[in-house]
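Note: the block below is entry.cif and it holds mmCIF, C-alpha atoms and all ligand atoms.
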data_structure
loop_
_atom_site.label_atom_id
_atom_site.label_comp_id
_atom_site.auth_asym_id
_atom_site.auth_seq_id
_atom_site.Cartn_x
_atom_site.Cartn_y
_atom_site.Cartn_z
CA MET A 1 -2.33 -6.00 22.78
CA PRO A 2 -5.66 -5.17 24.51
CA ALA A 3 -5.54 -3.19 27.76
CA ALA A 4 -5.52 -5.44 30.83
CA THR A 5 -8.40 -5.09 33.30
CA PHE A 6 -8.16 -5.17 37.07
CA ASP A 7 -9.97 -8.46 37.50
CA VAL A 8 -8.67 -9.04 41.05
CA PRO A 9 -9.99 -8.51 44.60
CA PHE A 10 -7.13 -6.07 45.20
CA LEU A 11 -3.79 -4.88 43.85
CA LEU A 12 -0.60 -5.59 45.80
CA GLY A 13 1.04 -2.28 46.69
CA MET A 14 4.82 -2.34 46.55
CA MET A 15 5.50 0.87 48.52
CA ARG A 16 6.75 -1.10 51.53
CA LEU A 17 8.70 -3.82 49.65
CA HIS A 18 12.08 -2.15 50.21
CA GLU A 19 11.33 -2.18 53.97
CA ALA A 20 10.86 -5.99 53.96
CA PRO A 21 14.40 -7.45 54.01
CA ALA A 22 13.03 -11.02 54.10
CA LEU A 23 11.96 -10.47 50.46
CA HIS A 24 15.15 -8.88 49.18
CA ASP A 25 16.69 -12.11 47.93
CA PRO A 26 15.48 -12.54 44.30
CA GLU A 27 14.59 -16.24 44.78
CA LYS A 28 12.61 -15.47 47.94
CA LEU A 29 10.77 -12.61 46.26
CA ALA A 30 10.08 -14.83 43.22
CA ASN A 31 8.55 -17.42 45.59
CA TRP A 32 6.46 -14.67 47.18
CA ILE A 33 5.26 -13.43 43.75
CA GLU A 34 4.43 -16.98 42.67
CA ALA A 35 2.42 -17.57 45.86
CA ARG A 36 0.41 -14.38 45.19
CA LEU A 37 -0.24 -15.44 41.58
CA GLU A 38 -1.54 -18.76 42.89
CA GLN A 39 -4.00 -16.76 45.02
CA GLY A 40 -5.25 -15.03 41.86
CA LEU A 41 -3.45 -11.77 42.73
CA ASN A 42 -1.59 -10.75 39.57
CA TRP A 43 -1.50 -6.92 39.75
CA PHE A 44 1.45 -5.20 41.46
CA ASP A 45 1.40 -1.46 42.14
CA HIS A 46 4.80 0.24 41.95
CA ALA A 47 6.18 3.77 41.66
CA ASP A 48 9.65 4.96 40.74
CA VAL A 49 9.89 6.74 44.10
CA TYR A 50 9.20 3.68 46.26
CA GLY A 51 12.50 3.21 48.04
CA ASN A 52 13.99 5.60 45.48
CA GLY A 53 13.73 2.96 42.72
CA GLN A 54 14.55 0.08 45.06
CA GLY A 55 11.01 -1.37 44.98
CA GLU A 56 11.02 -1.71 41.19
CA THR A 57 14.64 -2.93 41.18
CA LEU A 58 13.98 -5.71 43.72
CA PHE A 59 10.90 -6.81 41.79
CA GLY A 60 12.80 -6.79 38.49
CA LYS A 61 15.60 -8.91 39.96
CA ALA A 62 13.02 -11.49 41.06
CA LEU A 63 11.52 -11.56 37.55
CA LYS A 64 14.98 -11.91 36.04
CA ALA A 65 15.69 -14.82 38.41
CA ARG A 66 12.43 -16.52 37.36
CA PRO A 67 11.44 -15.31 33.84
CA SER A 68 8.42 -17.66 33.74
CA LEU A 69 6.71 -15.13 36.05
CA ILE A 70 7.01 -12.26 33.58
CA PRO A 71 3.97 -13.07 31.39
CA ARG A 72 1.90 -13.79 34.53
CA VAL A 73 2.35 -10.46 36.32
CA ASN A 74 0.61 -7.17 35.56
CA ILE A 75 2.38 -3.97 36.48
CA VAL A 76 1.11 -0.55 37.48
CA THR A 77 3.79 2.03 38.01
CA LYS A 78 3.78 5.75 38.56
CA ALA A 79 5.99 8.67 37.67
CA SER A 80 6.10 12.48 37.99
CA ILE A 81 7.66 12.98 41.44
CA ALA A 82 11.21 14.25 40.96
CA ASN A 83 13.94 14.61 43.59
CA ASP A 84 11.86 12.82 46.22
CA ASN A 85 13.42 13.21 49.70
CA PRO A 86 16.39 15.38 48.71
CA ALA A 87 19.30 15.23 51.15
CA PRO A 88 19.39 18.32 53.40
CA GLY A 89 21.80 20.86 51.98
CA SER A 90 21.95 19.11 48.56
CA GLY A 91 20.31 22.08 46.87
CA SER A 92 17.82 19.70 45.16
CA VAL A 93 14.15 20.69 45.21
CA LYS A 94 11.37 18.11 45.24
CA HIS A 95 9.01 18.84 42.37
CA TYR A 96 6.62 17.27 39.85
CA ASN A 97 7.47 16.82 36.17
CA VAL A 98 5.33 15.47 33.32
CA SER A 99 7.35 16.88 30.44
CA PRO A 100 7.82 14.40 27.55
CA GLU A 101 11.58 14.19 28.26
CA TYR A 102 10.97 13.35 31.90
CA LEU A 103 8.15 10.86 31.22
CA ASN A 104 9.99 9.08 28.39
CA ASN A 105 13.04 8.67 30.58
CA ALA A 106 10.86 7.54 33.53
CA ILE A 107 9.16 4.90 31.35
CA ASP A 108 12.45 3.55 29.97
CA SER A 109 14.01 3.48 33.44
CA ALA A 110 11.01 1.67 34.94
CA LEU A 111 11.01 -0.92 32.12
CA SER A 112 14.68 -1.56 32.76
CA ARG A 113 14.40 -1.73 36.58
CA LEU A 114 11.32 -3.99 36.42
CA HIS A 115 12.81 -6.22 33.72
CA VAL A 116 9.62 -6.18 31.63
CA GLU A 117 8.90 -5.07 28.06
CA ARG A 118 5.68 -3.21 28.83
CA LEU A 119 4.18 -1.33 31.77
CA ASP A 120 0.54 -2.45 31.79
CA HIS A 121 -0.57 0.81 33.37
CA LEU A 122 1.41 4.02 33.85
CA LEU A 123 -0.09 6.57 36.24
CA ILE A 124 0.86 10.22 36.55
CA HIS A 125 1.60 10.05 40.28
CA ARG A 126 0.91 13.69 41.19
CA PRO A 127 -0.35 16.53 38.96
CA ASP A 128 2.41 18.79 37.62
CA LEU A 129 1.07 22.34 37.87
CA LEU A 130 3.45 23.35 35.07
CA MET A 131 2.12 20.70 32.66
CA ASP A 132 2.17 21.56 28.94
CA VAL A 133 -0.94 19.48 28.34
CA GLU A 134 -0.52 19.04 24.57
CA ALA A 135 3.06 17.79 24.99
CA THR A 136 2.22 15.45 27.89
CA GLY A 137 -0.89 14.07 26.18
CA ARG A 138 1.13 13.34 23.03
CA ALA A 139 3.94 11.68 25.03
CA LEU A 140 1.43 9.34 26.71
CA ASP A 141 -0.35 8.54 23.43
CA ASP A 142 3.03 7.87 21.78
CA ALA A 143 4.15 5.57 24.63
CA ILE A 144 0.93 3.55 24.28
CA GLU A 145 1.24 3.37 20.50
CA ALA A 146 4.90 2.29 20.85
CA GLY A 147 3.75 -0.56 23.12
CA LYS A 148 5.83 0.66 26.06
CA ILE A 149 2.74 1.19 28.22
CA GLY A 150 -0.63 -0.53 27.97
CA THR A 151 -2.79 2.29 29.35
CA ALA A 152 -2.18 5.67 30.96
CA GLY A 153 -3.99 6.90 34.04
CA VAL A 154 -3.73 9.38 36.88
CA SER A 155 -3.43 9.55 40.64
CA ASN A 156 -4.21 12.36 43.09
CA HIS A 157 -5.60 14.63 40.34
CA LEU A 158 -8.52 17.05 40.51
CA PRO A 159 -11.28 16.36 37.95
CA SER A 160 -10.31 19.57 36.09
CA GLN A 161 -6.70 18.34 35.88
CA TRP A 162 -7.47 14.87 34.49
CA ARG A 163 -10.08 16.31 32.09
CA ARG A 164 -7.55 18.79 30.70
CA LEU A 165 -5.09 15.95 30.15
CA GLN A 166 -7.76 13.71 28.61
CA SER A 167 -8.77 16.49 26.21
CA ALA A 168 -5.24 16.45 24.76
CA MET A 169 -5.13 12.67 24.25
CA HIS A 170 -6.81 10.35 21.79
CA GLN A 171 -6.24 7.28 23.99
CA ARG A 172 -8.58 7.02 27.00
CA LEU A 173 -7.23 7.46 30.52
CA GLY A 174 -7.82 4.17 32.37
CA ALA A 175 -7.26 3.98 36.11
CA ASN A 176 -7.64 6.81 38.58
CA GLN A 177 -5.86 6.04 41.86
CA ILE A 178 -7.20 8.02 44.81
CA GLU A 179 -6.80 7.91 48.56
CA LEU A 180 -10.00 6.27 49.79
CA SER A 181 -10.90 4.31 52.92
CA ILE A 182 -13.47 4.21 55.72
CA THR A 183 -11.53 6.98 57.46
CA HIS A 184 -10.64 8.96 54.31
CA THR A 185 -13.96 9.63 52.62
CA SER A 186 -13.50 13.16 51.23
CA PRO A 187 -13.73 12.00 47.54
CA LEU A 188 -17.27 10.77 48.32
CA PHE A 189 -18.34 14.18 49.58
CA ASP A 190 -16.46 16.62 47.31
CA GLY A 191 -17.86 15.19 44.04
CA SER A 192 -14.53 13.88 42.73
CA PHE A 193 -15.49 10.21 43.10
CA ASP A 194 -18.71 10.82 41.14
CA GLU A 195 -16.78 12.64 38.42
CA LEU A 196 -14.29 9.80 38.13
CA CYS A 197 -17.17 7.35 37.76
CA SER A 198 -19.01 9.43 35.20
CA ASP A 199 -15.79 9.77 33.17
CA GLY A 200 -15.68 5.96 32.96
CA GLN A 201 -12.35 5.56 34.76
CA THR A 202 -11.49 2.61 36.98
CA PRO A 203 -11.20 3.71 40.60
CA LEU A 204 -8.23 2.31 42.50
CA ALA A 205 -8.21 3.03 46.25
CA TRP A 206 -4.77 3.60 47.80
CA SER A 207 -4.19 3.09 51.53
CA PRO A 208 -7.51 1.20 51.84
CA LEU A 209 -6.80 0.52 55.54
CA ALA A 210 -5.52 4.11 56.00
CA GLY A 211 -2.07 2.65 56.60
CA GLY A 212 -3.48 0.38 59.33
CA GLN A 213 -5.47 3.10 61.16
CA VAL A 214 -8.88 1.63 60.32
CA MET A 215 -7.93 -1.48 62.27
CA GLN A 216 -7.77 0.54 65.50
CA GLY A 217 -10.21 2.31 67.83
CA ALA A 218 -13.95 2.43 67.27
CA VAL A 219 -13.70 1.62 63.54
CA GLY A 220 -11.49 -1.38 64.31
CA ARG A 221 -14.01 -2.65 66.87
CA CYS A 222 -16.89 -2.23 64.41
CA LEU A 223 -14.90 -4.11 61.73
CA GLU A 224 -14.25 -6.93 64.21
CA LYS A 225 -17.95 -7.15 65.08
CA GLN A 226 -19.01 -7.24 61.42
CA ALA A 227 -16.25 -9.75 60.61
CA ALA A 228 -17.43 -12.08 63.39
CA ASP A 229 -20.98 -11.94 61.95
CA VAL A 230 -19.78 -13.35 58.61
CA ASN A 231 -16.87 -15.45 59.89
CA GLY A 232 -14.45 -13.29 57.91
CA SER A 233 -11.56 -11.00 58.81
CA PRO A 234 -11.80 -7.30 59.79
CA SER A 235 -9.39 -6.24 57.04
CA ALA A 236 -11.52 -8.04 54.43
CA ILE A 237 -14.58 -6.14 55.69
CA ALA A 238 -12.68 -2.85 55.26
CA LEU A 239 -11.96 -3.77 51.63
CA ALA A 240 -15.56 -4.91 51.07
CA TRP A 241 -16.67 -1.46 52.31
CA LEU A 242 -14.75 0.07 49.39
CA ARG A 243 -15.99 -2.47 46.83
CA THR A 244 -19.61 -1.77 47.80
CA LEU A 245 -19.30 1.71 46.25
CA PRO A 246 -20.44 2.32 42.65
CA ARG A 247 -17.95 1.02 40.07
CA SER A 248 -16.49 -1.19 42.82
CA PRO A 249 -13.16 0.55 43.53
CA VAL A 250 -10.24 -1.86 43.55
CA PRO A 251 -8.18 -1.52 46.75
CA VAL A 252 -4.39 -1.23 46.54
CA ILE A 253 -3.23 -2.90 49.74
CA GLY A 254 0.07 -2.23 51.49
CA SER A 255 1.01 -5.23 53.62
CA VAL A 256 3.37 -7.74 52.03
CA LYS A 257 2.84 -10.26 54.85
CA PRO A 258 1.32 -13.47 53.43
CA GLU A 259 -0.93 -14.10 56.46
CA ARG A 260 -2.39 -10.58 56.25
CA ILE A 261 -2.88 -10.90 52.49
CA SER A 262 -4.73 -14.21 53.01
CA ASP A 263 -6.90 -12.55 55.69
CA MET A 264 -7.88 -9.84 53.21
CA LEU A 265 -9.16 -12.54 50.83
CA ASN A 266 -11.37 -13.94 53.59
CA GLY A 267 -14.58 -11.92 53.52
CA PRO A 268 -17.62 -10.83 51.53
CA THR A 269 -17.35 -8.97 48.23
CA SER A 270 -19.79 -6.29 49.38
CA LEU A 271 -21.69 -5.12 52.48
CA SER A 272 -25.37 -4.53 53.17
CA ARG A 273 -26.46 -0.86 53.23
CA GLU A 274 -26.81 -0.95 57.01
CA ALA A 275 -23.36 -2.47 57.56
CA TRP A 276 -21.81 0.04 55.12
CA TYR A 277 -23.47 3.07 56.75
CA GLU A 278 -22.67 1.77 60.24
CA LEU A 279 -18.93 1.92 59.43
CA LEU A 280 -19.32 5.40 57.93
CA GLU A 281 -21.17 6.54 61.05
CA VAL A 282 -18.53 5.14 63.43
CA ALA A 283 -15.69 6.70 61.39
CA ARG A 284 -17.34 10.13 61.25
CA GLY A 285 -18.68 10.03 64.80
CA HIS A 286 -22.23 10.88 63.73
CA CYS A 287 -25.03 9.31 61.71
CA VAL A 288 -26.14 10.65 58.35
CA ALA A 289 -28.60 13.57 58.51
N1 LIG A 301 -0.97 6.90 44.43
C1 LIG A 301 -0.45 7.33 45.55
O1 LIG A 301 -0.17 8.52 45.73
C2 LIG A 301 -0.20 6.36 46.66
C3 LIG A 301 0.11 6.82 47.95
C4 LIG A 301 0.32 5.88 48.96
C5 LIG A 301 0.23 4.52 48.67
N2 LIG A 301 -0.06 4.10 47.40
C6 LIG A 301 -0.16 2.66 47.08
O2 LIG A 301 -1.05 2.09 47.99
C7 LIG A 301 -0.44 0.94 48.58
C8 LIG A 301 -1.00 0.72 49.94
O3 LIG A 301 -0.71 1.81 50.81
P1 LIG A 301 -0.64 1.55 52.37
O4 LIG A 301 0.52 0.70 52.67
O5 LIG A 301 -0.78 2.83 53.06
O6 LIG A 301 -1.98 0.66 52.51
P2 LIG A 301 -2.85 0.07 53.67
O7 LIG A 301 -3.22 -1.31 53.22
O8 LIG A 301 -3.91 1.04 54.01
O9 LIG A 301 -1.89 -0.01 54.94
C9 LIG A 301 -0.92 -1.00 55.07
C10 LIG A 301 -0.32 -0.84 56.45
O10 LIG A 301 -1.30 -1.25 57.41
C11 LIG A 301 -0.67 -2.10 58.33
N3 LIG A 301 -1.65 -3.01 58.94
C12 LIG A 301 -2.01 -2.99 60.24
N4 LIG A 301 -2.90 -3.95 60.49
C13 LIG A 301 -3.12 -4.60 59.34
C14 LIG A 301 -3.94 -5.71 58.99
N5 LIG A 301 -4.70 -6.34 59.88
N6 LIG A 301 -3.93 -6.11 57.71
C15 LIG A 301 -3.16 -5.50 56.79
N7 LIG A 301 -2.36 -4.44 57.07
C16 LIG A 301 -2.34 -4.00 58.35
C17 LIG A 301 0.38 -2.82 57.52
O11 LIG A 301 1.37 -3.32 58.39
P3 LIG A 301 2.36 -4.50 57.94
O12 LIG A 301 3.20 -3.94 56.84
O13 LIG A 301 3.10 -4.74 59.21
O14 LIG A 301 1.53 -5.66 57.52
C18 LIG A 301 0.91 -1.69 56.65
O15 LIG A 301 1.88 -0.94 57.38
C19 LIG A 301 1.05 1.25 48.53
O16 LIG A 301 1.87 0.09 48.62
C20 LIG A 301 1.17 1.92 47.20
O17 LIG A 301 1.25 0.92 46.18
C21 LIG A 301 -0.29 4.99 46.40
#
Starting from the file, give its structure as structure tokens.
Amino acid sequence: MPAATFDVPFLLGMMRLHEAPALHDPEKLANWIEARLEQGLNWFDHADVYGNGQGETLFGKALKARPSLIPRVNIVTKASIANDNPAPGSGSVKHYNVSPEYLNNAIDSALSRLHVERLDHLLIHRPDLLMDVEATGRALDDAIEAGKIGTAGVSNHLPSQWRRLQSAMHQRLGANQIELSITHTSPLFDGSFDELCSDGQTPLAWSPLAGGQVMQGAVGRCLEKQAADVNGSPSAIALAWLRTLPRSPVPVIGSVKPERISDMLNGPTSLSREAWYELLEVARGHCVA
């Protein structure tokens, strides 16, 4: 099966799903998923650690309740963070793990929780400093060749880390999910965004509204002004700011509220140079040199 492409205005991040009790009933979540699909939003971004597996489990129960949704959804999920949030005094240590045993178990567990036969995209969530690159590269290649995952990718990696992993794989790494927003621009200034682009990866921008921060203060006011100029919404302008970059990064949004999701669809696909640099200037508190 060919690798799926991110042909959507944004991915729907599922990090906050377990905090939305109104969507915990499988039928209600199935209705919510169906409404998103009708808006053309068919990529859902999960991780095994979201709600300690609860995010994937809730989603899988909704798919099980309405199996007709299964072929219509595309899934990103992530693995490598082990013992997230250990209970105080439990003796467990949070760590990263990309060993073949860990990854194979993480893939099988995610397939079972999500109630799907394939993960369209599996991302290594955080780089494991103890990675045996040959073993991890082979495990990812094998999972793709077995049809358990469509494509492998990375998140929060340095260019040297993803290149070392790529050098041990014959399949190409696909998506590269980085923290990127108007108020988190370091990848644009430390060279890592350029390196991702030149390596031909698809940039995915997590926390594109900086968890809601960009909607406040001077940046929020500038977004409102630009939104009024085009009769769009401020959140849609914040996403257009990202998409204006080379290779058009695909935002991974966090709100699961339908009205906010609709707002984010209401705006331009890109910004003029002046509008783009105005937001950068307001966020950094100074104009470019
Ligand atoms: N790869 C990684 O390491 C990593 C790390 C973090 C996140 N992620 C992914 O990125 C996704 C998004 O992260 P995020 O939740 O921080 O993203 P975000 O879209 O930057 O922030 C969403 C937050 O902003 C709030 N918000 C305030 N005003 C809003 C408005 N007008 N429109 C929309 N939202 C508004 C939302 O509140 P309400 O909920 O009340 O709407 C929500 O709490 C996650 O779900 C996850 O899939 C990946």
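Of the listed residues (A:Ser262, A:Asn176, A:Gln54, A:Ser109), A:Asn176 comes nearest to A:Val154; the distances count only C-alpha atoms.
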Check every protein, DNA and RNA residue against ligand LIG 301 (chain A), keep those with an atom at most 8 Å away (counting all atoms listed in the file), and present them as an MDAnalysis selection string.
chainID A and resid 12:17 44:47 78 125:126 155:156 177:179 181 205:213 215 234:235 252:257 260:261 263:264
Local residues around (7.0, 4.5, 36.4), at most 7 Å away, using only C-alpha atoms, as a ChimeraX atom specification:
/A:47-48,77-79,106-107,110,122
Distance cut-off 10 Å, centre (12.4, -4.0, 34.3) in file coordinates, counting all atoms listed in the file: which residues qualify? Return them as a ChimeraX atom specification.
/A:56-61,63-64,70,107-119
Selection export as a PDB file, in the coordinates of the input, atoms kept: C-alpha atoms:
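File produced: selection-v9.pdb:
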ATOM      1  CA  GLU A  56      11.020  -1.710  41.190  1.00  0.00           C
ATOM      2  CA  THR A  57      14.640  -2.930  41.180  1.00  0.00           C
ATOM      3  CA  LEU A  58      13.980  -5.710  43.720  1.00  0.00           C
ATOM      4  CA  PHE A  59      10.900  -6.810  41.790  1.00  0.00           C
ATOM      5  CA  GLY A  60      12.800  -6.790  38.490  1.00  0.00           C
ATOM      6  CA  LYS A  61      15.600  -8.910  39.960  1.00  0.00           C
ATOM      7  CA  LEU A  63      11.520 -11.560  37.550  1.00  0.00           C
ATOM      8  CA  LYS A  64      14.980 -11.910  36.040  1.00  0.00           C
ATOM      9  CA  ILE A  70       7.010 -12.260  33.580  1.00  0.00           C
ATOM     10  CA  ILE A 107       9.160   4.900  31.350  1.00  0.00           C
ATOM     11  CA  ASP A 108      12.450   3.550  29.970  1.00  0.00           C
ATOM     12  CA  SER A 109      14.010   3.480  33.440  1.00  0.00           C
ATOM     13  CA  ALA A 110      11.010   1.670  34.940  1.00  0.00           C
ATOM     14  CA  LEU A 111      11.010  -0.920  32.120  1.00  0.00           C
ATOM     15  CA  SER A 112      14.680  -1.560  32.760  1.00  0.00           C
ATOM     16  CA  ARG A 113      14.400  -1.730  36.580  1.00  0.00           C
ATOM     17  CA  LEU A 114      11.320  -3.990  36.420  1.00  0.00           C
ATOM     18  CA  HIS A 115      12.810  -6.220  33.720  1.00  0.00           C
ATOM     19  CA  VAL A 116       9.620  -6.180  31.630  1.00  0.00           C
ATOM     20  CA  GLU A 117       8.900  -5.070  28.060  1.00  0.00           C
ATOM     21  CA  ARG A 118       5.680  -3.210  28.830  1.00  0.00           C
ATOM     22  CA  LEU A 119       4.180  -1.330  31.770  1.00  0.00           C
TER      23      LEU A 119
END
Nearest to A:Ala227 by atom-to-atom distance, counting only C-alpha atoms, from A:Pro268, A:Pro67, A:Gly89, A:Gly137
A:Pro268
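Across A:Leu130, A:Cys287, A:Leu245, A:Ala139, the tightest approach to A:Asp194 is made by A:Leu245 when counting only C-alpha atoms.
Residues lying within 6 Å of A:Gly153, counting all atoms listed in the file and ignoring same-chain neighbours fewer than 6 positions away, are Leu123, Leu173, Gly174, Ala175 and Asn176 of chain A.
Straight-line separation from atom CA of A:Pro159 to atom CA of A:Met131: 15.0 Å.
Among the candidate residues A:Asn52, A:Asn42, A:Thr244, A:Thr183, the one lying nearest to A:Asn85 is A:Asn52, with distances computed using only C-alpha atoms.
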